[in-house]
$ cat my_file08.txt   # compact mmCIF, N, CA and C atoms
# COMPACT_ATOMS: atom_id res chain seq x y z
N MET A 1 -11.00 6.56 -14.37
CA MET A 1 -10.32 7.17 -13.25
C MET A 1 -9.09 6.34 -12.92
N ALA A 2 -8.02 7.00 -12.55
CA ALA A 2 -6.77 6.32 -12.23
C ALA A 2 -6.83 5.75 -10.82
N ALA A 3 -6.39 4.50 -10.68
CA ALA A 3 -6.28 3.90 -9.36
C ALA A 3 -5.01 4.43 -8.73
N GLY A 4 -5.05 4.60 -7.43
CA GLY A 4 -3.86 5.10 -6.77
C GLY A 4 -4.03 5.13 -5.28
N GLY A 5 -3.00 5.60 -4.63
CA GLY A 5 -3.03 5.72 -3.19
C GLY A 5 -1.77 6.41 -2.71
N PHE A 6 -1.66 6.51 -1.40
CA PHE A 6 -0.52 7.20 -0.82
C PHE A 6 -0.13 6.54 0.49
N CYS A 7 1.05 6.87 0.95
CA CYS A 7 1.55 6.39 2.23
C CYS A 7 2.29 7.54 2.88
N LYS A 8 1.93 7.85 4.11
CA LYS A 8 2.62 8.90 4.85
C LYS A 8 3.81 8.30 5.57
N LEU A 9 4.96 8.92 5.42
CA LEU A 9 6.20 8.42 6.00
C LEU A 9 6.43 9.04 7.38
N PRO A 10 7.27 8.44 8.20
CA PRO A 10 7.51 8.96 9.56
C PRO A 10 8.01 10.40 9.60
N ASP A 11 8.72 10.86 8.56
CA ASP A 11 9.21 12.24 8.55
C ASP A 11 8.16 13.25 8.10
N GLY A 12 6.94 12.78 7.82
CA GLY A 12 5.85 13.67 7.42
C GLY A 12 5.65 13.77 5.92
N SER A 13 6.60 13.33 5.13
CA SER A 13 6.45 13.36 3.67
C SER A 13 5.57 12.19 3.23
N VAL A 14 5.17 12.20 1.97
CA VAL A 14 4.31 11.14 1.45
C VAL A 14 4.89 10.56 0.17
N VAL A 15 4.49 9.33 -0.12
CA VAL A 15 4.75 8.70 -1.39
C VAL A 15 3.39 8.43 -2.02
N VAL A 16 3.18 8.97 -3.21
CA VAL A 16 1.93 8.80 -3.94
C VAL A 16 2.17 7.85 -5.10
N ALA A 17 1.28 6.88 -5.26
CA ALA A 17 1.36 5.92 -6.37
C ALA A 17 0.08 6.04 -7.20
N LEU A 18 0.24 6.12 -8.51
CA LEU A 18 -0.90 6.24 -9.42
C LEU A 18 -0.73 5.30 -10.60
N ASN A 19 -1.81 4.62 -10.99
CA ASN A 19 -1.84 3.85 -12.24
C ASN A 19 -2.50 4.75 -13.27
N LEU A 20 -1.75 5.07 -14.32
CA LEU A 20 -2.23 5.99 -15.34
C LEU A 20 -2.16 5.35 -16.71
N PRO A 21 -2.98 5.82 -17.66
CA PRO A 21 -2.82 5.34 -19.04
C PRO A 21 -1.50 5.85 -19.61
N GLY A 22 -0.86 5.03 -20.44
CA GLY A 22 0.40 5.43 -21.07
C GLY A 22 0.19 6.63 -21.97
N PRO A 23 1.16 7.55 -22.04
CA PRO A 23 0.97 8.77 -22.82
C PRO A 23 1.08 8.58 -24.33
N ALA A 24 1.75 7.53 -24.78
CA ALA A 24 1.95 7.34 -26.22
C ALA A 24 1.17 6.12 -26.70
N ALA A 25 0.70 6.20 -27.93
CA ALA A 25 -0.06 5.09 -28.50
C ALA A 25 0.80 3.85 -28.69
N ASP A 26 2.07 4.04 -29.00
CA ASP A 26 2.96 2.91 -29.22
C ASP A 26 3.72 2.50 -27.95
N GLY A 27 3.47 3.19 -26.84
CA GLY A 27 4.16 2.90 -25.58
C GLY A 27 3.36 1.92 -24.74
N PRO A 28 3.71 1.84 -23.46
CA PRO A 28 3.00 0.93 -22.56
C PRO A 28 1.54 1.33 -22.39
N GLY A 29 0.67 0.34 -22.19
CA GLY A 29 -0.76 0.60 -22.04
C GLY A 29 -1.08 1.35 -20.77
N ARG A 30 -0.60 0.86 -19.64
CA ARG A 30 -0.80 1.53 -18.36
C ARG A 30 0.53 1.58 -17.64
N VAL A 31 0.74 2.65 -16.89
CA VAL A 31 1.98 2.81 -16.14
C VAL A 31 1.67 3.08 -14.68
N ARG A 32 2.58 2.68 -13.82
CA ARG A 32 2.50 2.96 -12.38
C ARG A 32 3.54 4.02 -12.09
N VAL A 33 3.09 5.16 -11.61
CA VAL A 33 3.96 6.30 -11.33
C VAL A 33 4.04 6.49 -9.82
N LEU A 34 5.26 6.69 -9.32
CA LEU A 34 5.50 6.95 -7.91
C LEU A 34 6.12 8.33 -7.74
N VAL A 35 5.61 9.09 -6.77
CA VAL A 35 6.10 10.44 -6.52
C VAL A 35 6.36 10.59 -5.02
N HIS A 36 7.53 11.11 -4.67
CA HIS A 36 7.85 11.43 -3.28
C HIS A 36 7.80 12.94 -3.15
N ALA A 37 7.02 13.43 -2.18
CA ALA A 37 6.88 14.88 -2.00
C ALA A 37 6.54 15.18 -0.54
N ALA A 38 6.50 16.47 -0.23
CA ALA A 38 6.20 16.89 1.14
C ALA A 38 4.76 16.56 1.55
N ASN A 39 3.83 16.63 0.60
CA ASN A 39 2.43 16.28 0.87
C ASN A 39 1.76 15.85 -0.43
N ARG A 40 0.51 15.37 -0.32
CA ARG A 40 -0.19 14.85 -1.52
C ARG A 40 -0.38 15.93 -2.57
N ALA A 41 -0.73 17.12 -2.16
CA ALA A 41 -0.96 18.19 -3.13
C ALA A 41 0.31 18.50 -3.92
N ARG A 42 1.45 18.54 -3.27
CA ARG A 42 2.71 18.81 -3.97
C ARG A 42 3.09 17.67 -4.90
N ALA A 43 2.78 16.45 -4.50
CA ALA A 43 3.06 15.30 -5.37
C ALA A 43 2.27 15.41 -6.67
N LEU A 44 1.00 15.74 -6.56
CA LEU A 44 0.18 15.88 -7.76
C LEU A 44 0.60 17.09 -8.58
N THR A 45 1.03 18.16 -7.92
CA THR A 45 1.51 19.34 -8.63
C THR A 45 2.76 19.01 -9.43
N ARG A 46 3.65 18.18 -8.88
CA ARG A 46 4.85 17.77 -9.62
C ARG A 46 4.47 17.08 -10.93
N LEU A 47 3.45 16.21 -10.88
CA LEU A 47 3.00 15.52 -12.09
C LEU A 47 2.34 16.49 -13.06
N ARG A 48 1.53 17.39 -12.55
CA ARG A 48 0.85 18.36 -13.43
C ARG A 48 1.85 19.29 -14.11
N ASN A 49 2.91 19.64 -13.41
CA ASN A 49 3.94 20.50 -14.01
C ASN A 49 4.70 19.81 -15.13
N LEU A 50 4.66 18.48 -15.15
CA LEU A 50 5.30 17.72 -16.23
C LEU A 50 4.37 17.51 -17.42
N GLY A 51 3.16 18.00 -17.34
CA GLY A 51 2.23 17.89 -18.45
C GLY A 51 1.11 16.89 -18.24
N LEU A 52 1.10 16.21 -17.12
CA LEU A 52 0.02 15.25 -16.82
C LEU A 52 -1.08 16.01 -16.08
N ARG A 53 -1.86 16.77 -16.82
CA ARG A 53 -2.79 17.74 -16.24
C ARG A 53 -3.98 17.12 -15.52
N ALA A 54 -4.51 16.03 -16.01
CA ALA A 54 -5.74 15.46 -15.44
C ALA A 54 -5.43 14.36 -14.43
N VAL A 55 -4.49 14.61 -13.54
CA VAL A 55 -4.10 13.62 -12.54
C VAL A 55 -4.75 13.99 -11.21
N TYR A 56 -5.56 13.08 -10.68
CA TYR A 56 -6.21 13.29 -9.40
C TYR A 56 -6.06 12.04 -8.56
N LEU A 57 -6.05 12.21 -7.26
CA LEU A 57 -5.98 11.08 -6.34
C LEU A 57 -7.27 11.07 -5.55
N ARG A 58 -8.09 10.07 -5.82
CA ARG A 58 -9.36 9.91 -5.11
C ARG A 58 -9.31 8.61 -4.33
N GLY A 59 -9.19 8.72 -3.04
CA GLY A 59 -9.16 7.53 -2.21
C GLY A 59 -7.77 6.96 -2.06
N ASN A 60 -7.72 5.78 -1.45
CA ASN A 60 -6.45 5.12 -1.18
C ASN A 60 -6.57 3.65 -1.53
N ALA A 61 -7.11 3.36 -2.71
CA ALA A 61 -7.40 1.99 -3.13
C ALA A 61 -6.15 1.20 -3.50
N ALA A 62 -5.12 1.85 -4.00
CA ALA A 62 -3.89 1.16 -4.43
C ALA A 62 -2.67 1.89 -3.88
N PRO A 63 -2.44 1.82 -2.56
CA PRO A 63 -1.29 2.52 -2.00
C PRO A 63 0.02 1.87 -2.43
N PRO A 64 1.13 2.59 -2.31
CA PRO A 64 2.42 2.01 -2.71
C PRO A 64 2.83 0.89 -1.76
N THR A 65 3.48 -0.11 -2.32
CA THR A 65 3.97 -1.22 -1.51
C THR A 65 5.29 -0.80 -0.86
N PRO A 66 5.74 -1.53 0.15
CA PRO A 66 7.04 -1.20 0.76
C PRO A 66 8.20 -1.20 -0.25
N ASP A 67 8.18 -2.11 -1.21
CA ASP A 67 9.23 -2.12 -2.24
C ASP A 67 9.17 -0.87 -3.11
N GLU A 68 7.97 -0.42 -3.43
CA GLU A 68 7.82 0.79 -4.24
C GLU A 68 8.30 2.02 -3.46
N ILE A 69 7.99 2.06 -2.18
CA ILE A 69 8.43 3.19 -1.35
C ILE A 69 9.96 3.24 -1.31
N THR A 70 10.57 2.09 -1.12
CA THR A 70 12.03 2.03 -1.10
C THR A 70 12.62 2.50 -2.43
N ALA A 71 12.01 2.08 -3.53
CA ALA A 71 12.52 2.47 -4.86
C ALA A 71 12.47 3.98 -5.07
N VAL A 72 11.36 4.60 -4.72
CA VAL A 72 11.24 6.04 -4.97
C VAL A 72 12.10 6.85 -4.00
N LEU A 73 12.29 6.36 -2.78
CA LEU A 73 13.13 7.08 -1.83
C LEU A 73 14.60 7.03 -2.23
N HIS A 74 15.02 5.99 -2.93
CA HIS A 74 16.41 5.87 -3.33
C HIS A 74 16.69 6.49 -4.69
N HIS A 75 15.68 7.00 -5.36
CA HIS A 75 15.89 7.66 -6.65
C HIS A 75 16.14 9.15 -6.42
N PRO A 76 17.14 9.74 -7.07
CA PRO A 76 17.46 11.15 -6.81
C PRO A 76 16.34 12.12 -7.16
N ASP A 77 15.53 11.81 -8.18
CA ASP A 77 14.44 12.71 -8.56
C ASP A 77 13.20 12.51 -7.70
N GLY A 78 13.03 11.33 -7.12
CA GLY A 78 11.83 11.05 -6.35
C GLY A 78 10.58 10.93 -7.21
N LEU A 79 10.77 10.60 -8.49
CA LEU A 79 9.66 10.50 -9.44
C LEU A 79 10.02 9.43 -10.45
N ILE A 80 9.38 8.26 -10.34
CA ILE A 80 9.74 7.12 -11.18
C ILE A 80 8.48 6.44 -11.71
N TRP A 81 8.67 5.54 -12.70
CA TRP A 81 7.54 4.81 -13.29
C TRP A 81 8.01 3.46 -13.82
N ARG A 82 7.05 2.58 -14.06
CA ARG A 82 7.21 1.34 -14.81
C ARG A 82 5.83 0.90 -15.26
N THR A 83 5.77 -0.05 -16.18
CA THR A 83 4.47 -0.50 -16.66
C THR A 83 3.69 -1.11 -15.50
N ALA A 84 2.41 -0.85 -15.48
CA ALA A 84 1.56 -1.36 -14.41
C ALA A 84 1.30 -2.84 -14.63
N PRO A 85 1.35 -3.64 -13.57
CA PRO A 85 1.07 -5.06 -13.72
C PRO A 85 -0.39 -5.27 -14.10
N ASP A 86 -0.62 -6.28 -14.96
CA ASP A 86 -1.98 -6.61 -15.35
C ASP A 86 -2.67 -7.31 -14.20
N HIS A 87 -3.95 -7.01 -14.04
CA HIS A 87 -4.72 -7.73 -13.03
C HIS A 87 -4.97 -9.13 -13.56
N GLY A 88 -4.68 -10.12 -12.75
CA GLY A 88 -4.86 -11.50 -13.17
C GLY A 88 -3.62 -12.08 -13.82
N ALA A 89 -2.54 -11.32 -13.88
CA ALA A 89 -1.30 -11.84 -14.45
C ALA A 89 -0.67 -12.81 -13.46
N ALA A 90 0.17 -13.68 -13.98
CA ALA A 90 0.83 -14.64 -13.12
C ALA A 90 1.75 -13.93 -12.14
N THR A 91 1.75 -14.40 -10.92
CA THR A 91 2.64 -13.84 -9.91
C THR A 91 3.49 -14.95 -9.34
N GLY A 92 4.56 -14.60 -8.72
CA GLY A 92 5.41 -15.61 -8.11
C GLY A 92 6.86 -15.38 -8.49
N PRO A 93 7.72 -16.32 -8.12
CA PRO A 93 9.15 -16.13 -8.38
C PRO A 93 9.52 -16.16 -9.85
N ASP A 94 8.67 -16.78 -10.70
CA ASP A 94 8.99 -16.83 -12.12
C ASP A 94 8.62 -15.54 -12.85
N LEU A 95 7.89 -14.63 -12.18
CA LEU A 95 7.51 -13.36 -12.78
C LEU A 95 8.69 -12.40 -12.72
N VAL A 96 9.14 -11.93 -13.87
CA VAL A 96 10.27 -11.01 -13.92
C VAL A 96 9.75 -9.60 -13.71
N GLN A 97 10.29 -8.90 -12.73
CA GLN A 97 9.88 -7.53 -12.45
C GLN A 97 10.65 -6.56 -13.34
N GLU A 98 9.93 -5.63 -13.88
CA GLU A 98 10.55 -4.58 -14.68
C GLU A 98 11.21 -3.56 -13.75
N LEU A 99 12.31 -2.99 -14.18
CA LEU A 99 13.01 -2.00 -13.37
C LEU A 99 12.28 -0.66 -13.42
N TRP A 100 12.44 0.11 -12.36
CA TRP A 100 11.87 1.46 -12.33
C TRP A 100 12.71 2.37 -13.21
N ARG A 101 12.03 3.33 -13.85
CA ARG A 101 12.70 4.26 -14.76
C ARG A 101 12.40 5.70 -14.33
N PRO A 102 13.30 6.62 -14.67
CA PRO A 102 13.02 8.03 -14.37
C PRO A 102 11.87 8.53 -15.24
N ILE A 103 11.15 9.52 -14.77
CA ILE A 103 9.95 10.00 -15.46
C ILE A 103 10.27 10.58 -16.83
N ARG A 104 11.46 11.13 -17.02
CA ARG A 104 11.79 11.71 -18.34
C ARG A 104 11.83 10.65 -19.43
N ALA A 105 12.05 9.38 -19.05
CA ALA A 105 12.03 8.29 -20.05
C ALA A 105 10.61 8.06 -20.54
N LEU A 106 9.62 8.30 -19.71
CA LEU A 106 8.22 8.13 -20.09
C LEU A 106 7.73 9.28 -20.96
N LEU A 107 8.15 10.47 -20.62
CA LEU A 107 7.66 11.66 -21.31
C LEU A 107 8.48 12.03 -22.53
N GLY A 108 9.57 11.29 -22.78
CA GLY A 108 10.38 11.53 -23.96
C GLY A 108 11.25 12.75 -23.89
N ARG A 109 11.56 13.18 -22.68
CA ARG A 109 12.43 14.34 -22.53
C ARG A 109 13.87 13.88 -22.39
N PRO A 110 14.81 14.58 -22.98
CA PRO A 110 16.21 14.19 -22.84
C PRO A 110 16.70 14.44 -21.42
N ALA A 111 17.68 13.68 -21.02
CA ALA A 111 18.27 13.84 -19.69
C ALA A 111 19.00 15.18 -19.60
N ALA A 112 18.97 15.77 -18.44
CA ALA A 112 19.67 17.05 -18.23
C ALA A 112 21.18 16.80 -18.26
N ARG A 113 21.90 17.70 -18.88
CA ARG A 113 23.35 17.57 -18.94
C ARG A 113 23.98 18.17 -17.69
N ALA A 114 24.98 17.48 -17.19
CA ALA A 114 25.64 17.95 -15.97
C ALA A 114 26.81 18.84 -16.28
$ encode --input "my_file08.txt" --output "structure tokens"
Amino acid sequence: MAAGGFCKLPDGSVVVALNLPGPAADGPGRVRVLVHAANRARALTRLRNLGLRAVYLRGNAAPPTPDEITAVLHHPDGLIWRTAPDHGAATGPDLVQELWRPIRALLGRPAARA
């Protein structure tokens, strides 16, 4: 089961965070996905519409951090990911944080042309 959680924002919208297995065998092992939507059901629907069919949010064990909320709110798509941190990995100032990426980079879809 995927660990995850949500945070309700003052405007009534939510940010949902999920730790999911990576979709490709040669890609990252686990990924942390953040979704900004009007409510939890719509957030999960956005992921399911992208092909992540078995995505469920049970409980609030791993809610998004304030930094994660800021990242997803400042992204135009409101749907981002990065590799999930390992439990027991070193933390502190020497730990280099990976940048957030748009979801199409994870799913291998080309960027939309403007």
$ residues_around --input "my_file08.txt" --residues "Gly29 of chain A" --least-positions-apart "3" --cutoff "6.5 Å" --atoms "only N, CA and C atoms" --output "PyMOL selection string"
chain A and resi 20-22
$ atom_distance --input "my_file08.txt" --atom1 "atom CA of Arg30 of chain A" --atom2 "atom CA of Gly12 of chain A"
29.3 Å
$ residues_near_point --input "my_file08.txt" --point "(-1.8, 14.4, -4.7)" --cutoff "7 Å" --atoms "only C-alpha atoms" --output "PyMOL selection string"
chain A and resi 16+40-44+56-57
$ residues_near_point --input "my_file08.txt" --point "(-5.1, 2.5, -0.6)" --cutoff "6 Å" --atoms "all atoms listed in the file" --output "PyMOL selection string"
chain A and resi 4-6+59-63
$ closest_residue --input "my_file08.txt" --among "A:Pro85, A:Pro102, A:Gly78, A:Pro10" --to "Arg46 of chain A" --atoms "only C-alpha atoms"
A:Gly78
$ select_by_dssp --input "my_file08.txt" --residues "segment 4-103 of chain A" --states "strand (DSSP E)" --output "MDAnalysis selection string"
chainID A and resid 4:8 14:21 30:37 79:83 101:102
$ residues_around --input "my_file08.txt" --residues "Leu34 of chain A" --least-positions-apart "4" --cutoff "6 Å" --atoms "only N, CA and C atoms" --output "ChimeraX atom specification"
/A:16-18,78-81
$ atom_distance --input "my_file08.txt" --atom1 "atom N of Thr83 of chain A" --atom2 "atom CA of Asp11 of chain A"
27.8 Å
$ atom_distance --input "my_file08.txt" --atom1 "atom C of Val35 of chain A" --atom2 "atom C of Asp67 of chain A"
12.0 Å
$ axis_aligned_box --input "my_file08.txt" --around "segment 69-77 of chain A" --padding-each-side "6 Å" --output "lines of an AutoDock Vina configuration file"
center_x = 12.7
center_y = 7.4
center_z = -4.8
size_x = 21.5
size_y = 22.7
size_z = 19.5
